[in-house]
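Worksheet: one structure, shown below.
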Protein chains: 2
Amino acid sequence: MPIYEAPVRDMQFLIHEVLQTQNYSNLPGFADATPDVIDAFLEESAKFHQQVVQPLNVVGDKEGCTRHDDGSVTTPAGFKDAYQQYCENGFGSIAMDPTYDGQGLPLFLAYSIGEMTSSANHAFAMYPGLSGGAWRAIHAAASEEQKQTYLPKMTSGEWTGTMNLTEPQCGTDLGLIRSKAVPQGDGTYKISGQKIWISAGEHDMSDNIIHLVLARIEGAPEGIKGISLFIVPKFILDENGEPGERNSLECGGLEEKMGIHGNATCVMNYDEATGYLVGDEHKGMRAMFVMMNEARLGVGMQGYAASEVAYQNAAAFAKDRLQSRSITGTKNPESPADPILVHPDVRRMLLDTKAFTEAGRALVFWTSLQADLEHKSPDEETREKAGDYMGLLTPIIKGYLTHKGYQGTNDSLQMFGGSGFCEEWGMSQFVRDCRISTIYEGTNGIQALDLVGRKLMANGGRAWQSYFAELDQLVEDNAGNEELAPFVDGLKTVKAELVEATQWMGANAMANFDNAGAGSFDYLCLFGLTTLSHMWLLMAKAALENKDSSDPYYANKLATGRYFLARILPESTSHLAKLKTGADTLMALEADAF
Amino acid sequence: MPIYEAPVRDMQFLIHEVLQTQNYSNLPGFADATPDVIDAFLEESAKFHQQVVQPLNVVGDKEGCTRHDDGSVTTPAGFKDAYQQYCENGFGSIAMDPTYDGQGLPLFLAYSIGEMTSSANHAFAMYPGLSGGAWRAIHAAASEEQKQTYLPKMTSGEWTGTMNLTEPQCGTDLGLIRSKAVPQGDGTYKISGQKIWISAGEHDMSDNIIHLVLARIEGAPEGIKGISLFIVPKFILDENGEPGERNSLECGGLEEKMGIHGNATCVMNYDEATGYLVGDEHKGMRAMFVMMNEARLGVGMQGYAASEVAYQNAAAFAKDRLQSRSITGTKNPESPADPILVHPDVRRMLLDTKAFTEAGRALVFWTSLQADLEHKSPDEETREKAGDYMGLLTPIIKGYLTHKGYQGTNDSLQMFGGSGFCEEWGMSQFVRDCRISTIYEGTNGIQALDLVGRKLMANGGRAWQSYFAELDQLVEDNAGNEELAPFVDGLKTVKAELVEATQWMGANAMANFDNAGAGSFDYLCLFGLTTLSHMWLLMAKAALENKDSSDPYYANKLATGRYFLARILPESTSHLAKLKTGADTLMALEADAF
């Protein structure tokens with residue numbers, strides 16, 4: 001049976017010592033998040049996720065969801081009850097707007113809890129996860145009346161929400177959407193069409209499901225500029241705002257998937273279902289982007305959340321499994337063999353995963369602080385800069401953290417040898433579940449294009465210039481610190497490579513846009529390595545403050561960071577070299593040659 | 001439904017134009033393998049695998065194997081019949097010794113057919129695959145009487161064979177084996193113990209199953225030097241050499257696995273089963289190594305066989321799926337969107353996989369020719385050199401080709417977006433099946449250790465010195481060829497890095513063995529890249545001979561090779577940089593810190 005222990009200590013280090021969030025008490029909600037409150041939240045959440053959510057992970061995988069003939073869907077045994085407890089504990093509403101009954105606490109706290117849910121049970125985490133995305137889209141784009149009508153019940157978790165974008169002929173390219181909306185003259189619309197891959201599209205965990213559906217109003221312009229967003233509830237609300245008449249929509253089937261079996265991935269059929277326009281006609285994509293941006297941060301989190309739990313199991317196995325002797329001589333003479341942790345190549349896989357995971361967590365926490373600054377800071381300049389960072393880092397977090405997270409999860413399985421391939425040990429499920437994270441919310445290739453095609457260009461490159469300047473400042477500020485020097489040098493080196501790559505892009509992309517596309521994924525990886533180096537510098541600095549502590553946590557943190565510098569950072573050179581070869585070798589082959 | 005088209009053209013190019021196997025007609029069996037015979041074999045095999053074996057791939061995954069209460073095991077519907085046809089076509093006995101009814105043809109032909117079986121249906125391929133391994137172990141180590149008794153029926157496929165190594169407490173470390181053998185005084189032994197992960201341990205496809213079992217004779221020395229090898233048939237042969245009395249062994253259960261569901265992975269319980277010693281007492285490992293070395297070549301083949309079929313499906317999808325427009329302008333104005341093949345990042349994933357797969361195939365074919373030279377050449381020097389190459393390259397082929405093959409299979413899934421994650425498209429199965437190849441027959445970490453700890457050192461480094469000299473010669477011989485220059489330069493550069501890495505290992509491993517272990521996997525990857533560069537030079541040279549051909553095959557081959565040089569080869573630099581950081585950062589953390 002796989003284990004999971006929530007990394008409370010690591011979260012506390014990031015929150016209290018690296019980000020020092022107590023210094024942001026001028027932001028709404030932050031003053032309430034005192035260190036004591038934060039610690040209590042983390043501990044309570046750890047207990048809940050370890051005791052209630054994690055044990056359901058294997059159950060969800062084995063049992064999956066069941067669709068009945070009437071279109072209803074049953075989630076795996078225990079999910080409904082666990083979800084109720086999750087809601088009662090308020091884990092879903094931590095950072096939601098208090099106007100609609102949310103707790104208004106900082107986002108980093110929501111991400112801390114979210115990571116635990118995702119590590120403990122990826123499939124389960126998607127129910128509140130998707131619901132939170134729908135909540136944010138409504139919060140960002142709907143009328144005050146709609147917000148008052150739908151949000152409080154979604155805040156409490158009594159109702160859940162979904163996002164309906166994909167159709168069989170369109171995933172990435174939403175301009176091809178065919179679902180249609182016919183105005184009824186009374187302010188409502190009849191929505192018809194088929195949506196696929198709708199996570200939590202139908203289930204037995206909530207009293208109502210608020211579907212957000214992208215559709216085309218009759219006569220709308222073609223393409224992306226003719227898409228509108230609708231609220232289409234499973235049960236139409238009665239005059240008291242309670243679920244009443246059943247709307248004419250249903251789950252037409254469940255997908256058989258590689259993983260996340262505990263999540264109901266639905267084909268949703270809308271047959272003249274009653275819907276309510278959100279925001280302006282034809283402006284549906286705008287609200288969706290709000291939702292998608294934060295969802296992408298959440299998916300990036302899933303990447304390292306998966307490698308965290310997979311790593312924990314691999315580390316436990318490596319300490320426990322006795323096999324062969326250390327090449328430097330017997331370490332464990334009283335046993336028939338040494339634990340496999342003595343073997344350097346086993347440590348390589350463990351440390352690759354550990355050094356990535358800890359920096360990935362730091363990056364998501366750091367960026368979630370930027371998200372709060374963007375929305376809550378009283379200072380316009382701060383808000384702008386934070387917003388720039390958010391926009392710039394979102395594709396990197398989604399793309400790079402899931403890329404590396406999947407690698408780490410696979411390496412963790414690898415360490416188990418044949419046991420890793422047997423379902424009984426649980427490692428296969430981690431890999432199968434994690435596989436989706438490089439795909440959904442925009443494949444990693446799309447993230448790379450978003451980065452080079454949109455985020456780099458926005459506002460004349462203001463975002464990356466500002467971020468690069470921040471890194472330069474950090475290097476300068478810490479130049480004299482001898483103990484920190486390897487971390488400073490590492491960041492300086494990789495940042496110089498990133499600058500070179502950025503200049504290459506600038507010089508070559510205009511001549512041939514394919515050069516941008518061809519280098520996009522390596523650019524994203526190089527940027528990802530830079531951000532992780534940034535995080536390792538921040539973490540090393542905080543750890544050095546306590547270098548004389550009797551708590552080995554700090555020395556271990558520094559050792560892990562040194563591993564990152566020695567063994568992960570050198571990947572940057574290959575990414576830069578590949579990127580600079582341009583598009584020619586990619587585009588040389590005719591379609592028939594593939 | 002996934003597709004598969006056997007890459008006959010590519011195999012022909014390698015056999016006739018790159019390896020020019022017609023020049024080896026002095027070797028036994030090679031004269032019979034005229035180009036016509038080879039082509040006919042490939043065509044017939046392609047038809048059979050496309051029409052019979054590949055359609056059972058999904059069936060095998062969904063249905064799996066079933067163990068009944070009496071311990072018998074049923075394979076998925078259609079497997080038994082397909083296996084019978086496979087045997088009737090003689091696909092399993094191509095390179096087997098004619099003394100025991102084999103066809104005695106060259107190994108590259110056996111690997112060509114083997115690749116097709118593996119691409120078409122990995123799980124199915126394991127039945128004849130494991131049987132062939134058992135055949136080779138018996139052929140290498142058993143008495144003439146034993147060979148006459150068992151081999152002909154295994155050659156025909158009427159009987160199959162297995163290899164029983166692993167026990168719950170020992171996988172890699174076979175010195176920990178506990179299964180015991182008690183001599184009965186009549187030349188037979190009673191074998192007792194439990195073996196796990198026995199592929200094809202029990203099934204309904206053959207009339208008898210010849211188990212090869214590693215066990216410890218009572219009173220044997222401890223550790224690896226007390227292990228003996230036994231033939232333990234499912235049915236003990238009667239006086240006519242036909243299956244008679246049921247031996248006291250049975251399948252105690254089937255493993256639930258991540259993939260290869262169509263293969264019966266058995267827990268085998270031996271309860272005083274009658275067994276016959278193979279070779280000398282306590283020398284069982286020697287015969288097992290013979291079997292394992294060739295099995296490792298076969299597993300390396302599975303790595304690129306998986307990426308071959310995954311790639312084919314991804315390429316077809318990329319040409320078919322319409323989504324978004326090319327960033328350089330609409331390519332397909334008559335459709336609502338362009339095929340995703342226009343996007344450079346999609347081509348990156350396709351070409352990464354294609355350029356690897358084609359070179360991987362070349363490497364296995366080239367090495368299988370070395371295996372034939374080792375065993376069949378009349379010239380002692382040639383035999384020695386070929387044997388050295390075989391030994392040196394085996395861990396690289398197993399470790400690097402499965403490492404890259406898994407990556408390519410994953411990238412192929414990635415290109416499908418959400419469809420890749422849905423079982424209906426078949427890409428998930430390719431990834432799940434392929435996952436085992438980096439694990440079994442010695443994990444890739446073990447391959448890396450075998451390379452740096454054993455193969456580099458053997459005979460004072462004779463093997464690598466000889467291989468390096470061959471590469472230098474190749475570079476020198478082709479120095480004046482302008483069109484070939486990028487390929488020559490690529491090989492020269494990566495070989496220089498490999499030399500640097502080898503020297504670093506030499507200089508640092510003796511001071512601290514952990515330096516060898518710490519760099520072993522990066523060393524294996526760097527060596528792997530060198531061998532693929534070697535193959536690309538050979539292929540480019542052969543393709544340039546036909547550069548004016550109207551057949552686009554040659555130009556495409558060269559373009560794919562140029563992609564390899566630009567976009568895959570630069571990975572070497574990172575491997576070298578990581579390797580040279582040594583063991584310190586890996587060994588710094590105490591066990592408690594993991």
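For the structure tokens, the naming scheme is as follows: chains receive sequential letters (A, B, ...) according to their order of presentation, residues are indexed from 1 within each chain, and ligands are indexed from 1 in presentation order.
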Please identify every residue of chain A that has at least one atom no farther than 7 Å from an atom of chain B, counting only C-alpha atoms, and for each give the shortest atom pair and the distance in Å to one decimal, arranged by chain then increasing number, as JSON lines.
{"residue": "A:Cys170", "atom": "CA", "partner": "B:Gln323", "partner_atom": "CA", "distance": 6.8}
{"residue": "A:Thr172", "atom": "CA", "partner": "B:Gln323", "partner_atom": "CA", "distance": 6.9}
{"residue": "A:Asp173", "atom": "CA", "partner": "B:Ser324", "partner_atom": "CA", "distance": 5.3}
{"residue": "A:Glu255", "atom": "CA", "partner": "B:Cys422", "partner_atom": "CA", "distance": 6.5}
{"residue": "A:Glu256", "atom": "CA", "partner": "B:Glu423", "partner_atom": "CA", "distance": 5.6}
{"residue": "A:Lys257", "atom": "CA", "partner": "B:Cys422", "partner_atom": "CA", "distance": 4.4}
{"residue": "A:Met258", "atom": "CA", "partner": "B:Phe421", "partner_atom": "CA", "distance": 5.5}
{"residue": "A:Ala315", "atom": "CA", "partner": "B:Phe594", "partner_atom": "CA", "distance": 5.9}
{"residue": "A:Gln323", "atom": "CA", "partner": "B:Asp173", "partner_atom": "CA", "distance": 5.5}
{"residue": "A:Ser324", "atom": "CA", "partner": "B:Asp173", "partner_atom": "CA", "distance": 5.3}
{"residue": "A:Ile327", "atom": "CA", "partner": "B:Phe513", "partner_atom": "CA", "distance": 6.2}
{"residue": "A:Thr328", "atom": "CA", "partner": "B:Phe513", "partner_atom": "CA", "distance": 5.8}
{"residue": "A:Pro344", "atom": "CA", "partner": "B:Ala518", "partner_atom": "CA", "distance": 4.9}
{"residue": "A:Asp345", "atom": "CA", "partner": "B:Ala518", "partner_atom": "CA", "distance": 5.6}
{"residue": "A:Arg347", "atom": "CA", "partner": "B:Leu586", "partner_atom": "CA", "distance": 6.1}
{"residue": "A:Arg348", "atom": "CA", "partner": "B:Leu586", "partner_atom": "CA", "distance": 6.4}
{"residue": "A:Gln414", "atom": "CA", "partner": "B:Ile439", "partner_atom": "CA", "distance": 6.8}
{"residue": "A:Gly417", "atom": "CA", "partner": "B:Ile439", "partner_atom": "CA", "distance": 5.6}
{"residue": "A:Gly418", "atom": "CA", "partner": "B:Ile439", "partner_atom": "CA", "distance": 6.3}
{"residue": "A:Phe421", "atom": "CA", "partner": "B:Met258", "partner_atom": "CA", "distance": 5.5}
{"residue": "A:Cys422", "atom": "CA", "partner": "B:Lys257", "partner_atom": "CA", "distance": 4.4}
{"residue": "A:Glu423", "atom": "CA", "partner": "B:Lys257", "partner_atom": "CA", "distance": 5.2}
{"residue": "A:Ser428", "atom": "CA", "partner": "B:Met258", "partner_atom": "CA", "distance": 5.9}
{"residue": "A:Ile436", "atom": "CA", "partner": "B:Phe421", "partner_atom": "CA", "distance": 6.6}
{"residue": "A:Ile439", "atom": "CA", "partner": "B:Gly417", "partner_atom": "CA", "distance": 5.6}
{"residue": "A:Tyr440", "atom": "CA", "partner": "B:Gly418", "partner_atom": "CA", "distance": 6.7}
{"residue": "A:Thr443", "atom": "CA", "partner": "B:Gly417", "partner_atom": "CA", "distance": 6.5}
{"residue": "A:Gly445", "atom": "CA", "partner": "B:Asp345", "partner_atom": "CA", "distance": 6.4}
{"residue": "A:Phe513", "atom": "CA", "partner": "B:Thr328", "partner_atom": "CA", "distance": 5.8}
{"residue": "A:Asp514", "atom": "CA", "partner": "B:Pro344", "partner_atom": "CA", "distance": 6.3}
{"residue": "A:Gly517", "atom": "CA", "partner": "B:Pro344", "partner_atom": "CA", "distance": 5.3}
{"residue": "A:Ala518", "atom": "CA", "partner": "B:Pro344", "partner_atom": "CA", "distance": 4.9}
{"residue": "A:Asn556", "atom": "CA", "partner": "B:Ala593", "partner_atom": "CA", "distance": 6.4}
{"residue": "A:Ala559", "atom": "CA", "partner": "B:Ala588", "partner_atom": "CA", "distance": 6.7}
{"residue": "A:Arg562", "atom": "CA", "partner": "B:Thr585", "partner_atom": "CA", "distance": 6.5}
{"residue": "A:Tyr563", "atom": "CA", "partner": "B:Thr585", "partner_atom": "CA", "distance": 5.1}
{"residue": "A:Ala566", "atom": "CA", "partner": "B:Thr581", "partner_atom": "CA", "distance": 6.1}
{"residue": "A:Arg567", "atom": "CA", "partner": "B:Lys578", "partner_atom": "CA", "distance": 5.1}
{"residue": "A:Pro570", "atom": "CA", "partner": "B:Ser574", "partner_atom": "CA", "distance": 5.3}
{"residue": "A:Glu571", "atom": "CA", "partner": "B:Ser574", "partner_atom": "CA", "distance": 5.2}
{"residue": "A:Thr573", "atom": "CA", "partner": "B:Ser574", "partner_atom": "CA", "distance": 6.5}
{"residue": "A:Ser574", "atom": "CA", "partner": "B:Glu571", "partner_atom": "CA", "distance": 5.2}
{"residue": "A:Ala577", "atom": "CA", "partner": "B:Pro570", "partner_atom": "CA", "distance": 6.3}
{"residue": "A:Lys578", "atom": "CA", "partner": "B:Arg567", "partner_atom": "CA", "distance": 5.1}
{"residue": "A:Thr581", "atom": "CA", "partner": "B:Ala566", "partner_atom": "CA", "distance": 6.1}
{"residue": "A:Thr585", "atom": "CA", "partner": "B:Tyr563", "partner_atom": "CA", "distance": 5.1}
{"residue": "A:Leu586", "atom": "CA", "partner": "B:Arg347", "partner_atom": "CA", "distance": 6.1}
{"residue": "A:Ala588", "atom": "CA", "partner": "B:Ala559", "partner_atom": "CA", "distance": 6.7}
{"residue": "A:Leu589", "atom": "CA", "partner": "B:Asn556", "partner_atom": "CA", "distance": 6.6}
{"residue": "A:Ala593", "atom": "CA", "partner": "B:Asn556", "partner_atom": "CA", "distance": 6.4}
{"residue": "A:Phe594", "atom": "CA", "partner": "B:Ala315", "partner_atom": "CA", "distance": 5.9}
Applying 6 Å and only C-alpha atoms, which residues near Phe365 of chain A remain after dropping the ones on its own chain fewer than 3 positions away? List them as a PyMOL selection string.
chain A and resi 108+362+368
For the residues selected in the previous step, produce a file with N, CA and C atoms as a PDB file, in the first residue's frame.
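Result file is selection15.pdb:
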ATOM      1  N   PHE A 108      -1.278  31.089  -1.405  1.00  0.00           N
ATOM      2  CA  PHE A 108      -0.263  30.060  -1.132  1.00  0.00           C
ATOM      3  C   PHE A 108      -0.803  28.996  -0.194  1.00  0.00           C
ATOM      4  N   ALA A 362       8.454  25.476  -4.491  1.00  0.00           N
ATOM      5  CA  ALA A 362       8.829  26.870  -4.213  1.00  0.00           C
ATOM      6  C   ALA A 362       8.321  27.788  -5.321  1.00  0.00           C
ATOM      7  N   SER A 368       2.185  32.006  -6.630  1.00  0.00           N
ATOM      8  CA  SER A 368       0.848  32.247  -6.073  1.00  0.00           C
ATOM      9  C   SER A 368       0.864  33.528  -5.224  1.00  0.00           C
TER      10      SER A 368
END
Residue nearest Asn89 of chain A among A:Ala123, A:Leu456, A:Leu42, A:Ala264 (counting only C-alpha atoms):
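Result for the nearest residue to Asn89 of chain A: A:Leu42.
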Among segment 258-316 of chain A, which ones does DSSP assign to strand (DSSP E or B) (computed from the backbone)? Answer as a PyMOL selection string.
chain A and resi 265-278+283
Which residue of B:Lys153, B:Arg216, B:His203, B:Arg454 approaches Ala181 of chain B most closely, using only C-alpha atoms
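So, comparing all the options, the nearest one is B:Arg216.
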Closest atom pairs, segment 59-161 of chain A residues within 10 Å of segment 274-284 of chain A, only C-alpha atoms, as a Markdown table:
| residue | atom | partner | partner_atom | distance |
| --- | --- | --- | --- | --- |
| A:Ala137 | CA | A:Val278 | CA | 9.2 |
| A:Ile138 | CA | A:Val278 | CA | 7.5 |
| A:Ala140 | CA | A:Gly279 | CA | 9.2 |
| A:Ala141 | CA | A:Gly279 | CA | 5.4 |
| A:Ala142 | CA | A:Val278 | CA | 5.0 |
| A:Ser143 | CA | A:Gly279 | CA | 6.9 |
| A:Gln146 | CA | A:Val278 | CA | 8.3 |
Keeping only N, CA and C atoms, write the selected residues as a PDB file, in the first residue's frame.
ATOM      1  N   ALA A 137     -14.195  31.540 -12.941  1.00  0.00           N
ATOM      2  CA  ALA A 137     -14.696  32.089 -14.204  1.00  0.00           C
ATOM      3  C   ALA A 137     -15.972  32.891 -13.955  1.00  0.00           C
ATOM      4  N   ILE A 138     -16.857  32.343 -13.120  1.00  0.00           N
ATOM      5  CA  ILE A 138     -18.097  33.070 -12.795  1.00  0.00           C
ATOM      6  C   ILE A 138     -17.748  34.356 -12.043  1.00  0.00           C
ATOM      7  N   ALA A 140     -15.142  36.088 -12.223  1.00  0.00           N
ATOM      8  CA  ALA A 140     -14.468  37.070 -13.076  1.00  0.00           C
ATOM      9  C   ALA A 140     -15.401  37.686 -14.112  1.00  0.00           C
ATOM     10  N   ALA A 141     -16.423  36.957 -14.530  1.00  0.00           N
ATOM     11  CA  ALA A 141     -17.143  37.404 -15.720  1.00  0.00           C
ATOM     12  C   ALA A 141     -18.655  37.535 -15.572  1.00  0.00           C
ATOM     13  N   ALA A 142     -19.226  36.951 -14.544  1.00  0.00           N
ATOM     14  CA  ALA A 142     -20.682  36.923 -14.478  1.00  0.00           C
ATOM     15  C   ALA A 142     -21.232  38.197 -13.832  1.00  0.00           C
ATOM     16  N   SER A 143     -22.537  38.376 -13.959  1.00  0.00           N
ATOM     17  CA  SER A 143     -23.199  39.540 -13.349  1.00  0.00           C
ATOM     18  C   SER A 143     -23.284  39.332 -11.839  1.00  0.00           C
ATOM     19  N   GLN A 146     -25.868  36.834 -10.978  1.00  0.00           N
ATOM     20  CA  GLN A 146     -25.425  35.446 -11.197  1.00  0.00           C
ATOM     21  C   GLN A 146     -24.471  35.000 -10.098  1.00  0.00           C
TER      22      GLN A 146
END
Nearest-residue call for Ala496 of chain B, choices B:Gln465, B:Asn481, B:Thr530, B:Asn23, using only C-alpha atoms
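Checking each candidate against Ala496 of chain B, we get B:Thr530 as the closest.
The shortest atom-to-atom distance to Phe356 of chain A, with only C-alpha atoms taken into account, belongs to A:Thr531 out of A:Asn332, A:Thr188, A:Gln54, A:Thr531.
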Could you pull out the helix (DSSP H, G or I) residues of segment 484-556 of chain B from DSSP and send them as a ChimeraX atom specification?
/B:485-509,513-544,553-556
Using only C-alpha atoms, the best pick from A:Pro378, A:Leu393, A:Ala220, A:Pro486 as closest to Leu451 of chain A would be A:Leu393
List the spatial neighbours of Val488 of chain A as a list in words - criterion: any atom at most 8 Å away, only C-alpha atoms, same-chain residues fewer than 5 positions off excluded.
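Counting only the stated atoms, we get Val475, Asn478, Ala479 and Leu537 of chain A.
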Leaving out Ala215 of chain A and any residue of its chain fewer than 5 positions from it, which residues lie within 7 Å of it when counting only C-alpha atoms, given as number ranges by chain?
A: 177-181, 227-229
What's the separation between atom CA of Gly161 of chain B and atom CA of Ala386 of chain B, in Å to one decimal place?
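Atom-to-atom, atom CA of Gly161 of chain B to atom CA of Ala386 of chain B, that is 28.1 Å.
Atom CA of Val499 of chain A is found 13.6 Å from atom CA of Ala463 of chain A.
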Closest of B:Gly157, B:Gly193, B:Gly360, B:Pro221 to Leu297 of chain B - atom-to-atom distances counting only C-alpha atoms:
B:Gly360
Residues within 6 Å of segment 74-78 of chain A, please, as a ChimeraX atom specification. Count only C-alpha atoms; anything in the same chain fewer than 5 positions from it doesn't count.
/A:60,63-66,203-204
Quote the spacing between atom CA of Gly528 of chain B and atom CA of Gln20 of chain B in Å to one decimal place.
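Separation of atom CA of Gly528 of chain B and atom CA of Gln20 of chain B: 23.2 Å.
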Give me the residues near Val37 of chain B as a ChimeraX atom specification, where near means some atom within 12 Å (using only C-alpha atoms) and where sequence neighbours in that chain fewer than 3 positions away do not count.
/B:12,16,22,29-34,40-44,105-106,109
Go ahead and write the selection's residues with C-alpha atoms as a tab-separated table (two decimals), in the first residue's frame.
chain	number	residue	atom	x	y	z
B	12	GLN	CA	16.01	-3.77	-46.56
B	16	HIS	CA	21.33	-4.74	-48.30
B	22	GLN	CA	25.61	-10.33	-49.05
B	29	GLY	CA	23.82	-19.74	-43.20
B	30	PHE	CA	24.55	-16.40	-44.86
B	31	ALA	CA	24.85	-17.88	-48.34
B	32	ASP	CA	21.29	-19.13	-48.00
B	33	ALA	CA	20.12	-15.68	-47.03
B	34	THR	CA	20.28	-14.18	-50.50
B	40	ALA	CA	10.54	-12.75	-49.29
B	41	PHE	CA	10.91	-13.45	-45.57
B	42	LEU	CA	10.39	-9.80	-44.69
B	43	GLU	CA	7.33	-9.48	-46.90
B	44	GLU	CA	5.73	-12.65	-45.63
B	105	LEU	CA	19.87	-18.21	-40.97
B	106	PRO	CA	21.59	-14.98	-39.92
B	109	LEU	CA	16.86	-11.76	-40.02
Find the spatial neighbours of Ser72 of chain A, counting only C-alpha atoms, within a cut-off of 12 Å - ignore same-chain residues fewer than 6 positions away - and output them as a CSV table (one decimal) with N, CA, C and O atoms, in the first residue's frame.
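Final output, result09.csv:
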chain,number,residue,atom,x,y,z
A,65,CYS,N,-15.4,5.0,-12.0
A,65,CYS,CA,-16.7,5.6,-11.9
A,65,CYS,C,-17.6,4.7,-12.8
A,65,CYS,O,-17.2,4.1,-13.7
A,66,THR,N,-18.9,4.7,-12.4
A,66,THR,CA,-19.9,3.9,-13.1
A,66,THR,C,-21.0,4.8,-13.6
A,66,THR,O,-21.6,5.5,-12.9
A,200,ALA,N,-15.6,15.6,-14.1
A,200,ALA,CA,-16.6,15.8,-13.1
A,200,ALA,C,-17.9,16.3,-13.7
A,200,ALA,O,-18.7,16.9,-13.1
A,201,GLY,N,-18.1,15.9,-15.0
A,201,GLY,CA,-19.3,16.3,-15.7
A,201,GLY,C,-20.6,15.8,-15.1
A,201,GLY,O,-21.6,16.5,-15.1
A,202,GLU,N,-20.5,14.6,-14.5
A,202,GLU,CA,-21.7,14.0,-13.8
A,202,GLU,C,-21.1,13.2,-12.7
A,202,GLU,O,-20.2,12.5,-12.9
A,203,HIS,N,-21.8,13.3,-11.5
A,203,HIS,CA,-21.3,12.5,-10.4
A,203,HIS,C,-22.4,12.6,-9.3
A,203,HIS,O,-23.4,13.3,-9.4
A,204,ASP,N,-22.1,11.9,-8.2
A,204,ASP,CA,-23.1,11.8,-7.1
A,204,ASP,C,-22.7,12.6,-5.8
A,204,ASP,O,-23.2,12.4,-4.8
A,205,MET,N,-21.7,13.5,-6.0
A,205,MET,CA,-21.1,14.1,-4.8
A,205,MET,C,-21.8,15.5,-4.4
A,205,MET,O,-21.5,15.9,-3.3
A,234,LYS,N,-27.2,21.7,-14.0
A,234,LYS,CA,-27.9,20.4,-14.1
A,234,LYS,C,-29.3,20.4,-13.7
A,234,LYS,O,-30.2,19.9,-14.4
A,249,LEU,N,-29.8,17.9,-20.3
A,249,LEU,CA,-28.4,17.6,-20.6
A,249,LEU,C,-28.1,16.3,-19.9
A,249,LEU,O,-28.7,16.0,-18.9
A,250,GLU,N,-27.2,15.5,-20.4
A,250,GLU,CA,-26.8,14.3,-19.7
A,250,GLU,C,-25.4,13.8,-20.1
A,250,GLU,O,-24.9,14.1,-21.1
A,251,CYS,N,-25.0,13.0,-19.2
A,251,CYS,CA,-23.7,12.3,-19.5
A,251,CYS,C,-24.0,11.2,-20.4
A,251,CYS,O,-24.7,10.2,-20.1
A,252,GLY,N,-23.4,11.2,-21.6
A,252,GLY,CA,-23.6,10.2,-22.6
A,252,GLY,C,-22.7,9.0,-22.5
A,252,GLY,O,-22.9,8.0,-23.2
A,253,GLY,N,-21.6,9.2,-21.7
A,253,GLY,CA,-20.7,8.1,-21.6
A,253,GLY,C,-19.5,8.5,-20.8
A,253,GLY,O,-19.2,9.7,-20.6
A,254,LEU,N,-18.7,7.6,-20.3
A,254,LEU,CA,-17.5,7.9,-19.6
A,254,LEU,C,-16.3,7.4,-20.4
A,254,LEU,O,-16.4,6.3,-21.0
A,264,ALA,N,-14.7,11.2,-13.0
A,264,ALA,CA,-15.6,10.9,-14.1
A,264,ALA,C,-15.4,11.8,-15.3
A,264,ALA,O,-15.6,13.0,-15.2
A,266,CYS,N,-16.5,12.8,-18.7
A,266,CYS,CA,-17.8,12.6,-19.3
A,266,CYS,C,-17.9,13.1,-20.8
A,266,CYS,O,-17.3,14.2,-21.1
A,268,MET,N,-20.6,14.9,-22.6
A,268,MET,CA,-21.8,15.6,-22.1
A,268,MET,C,-22.7,16.0,-23.4
A,268,MET,O,-22.2,16.7,-24.3
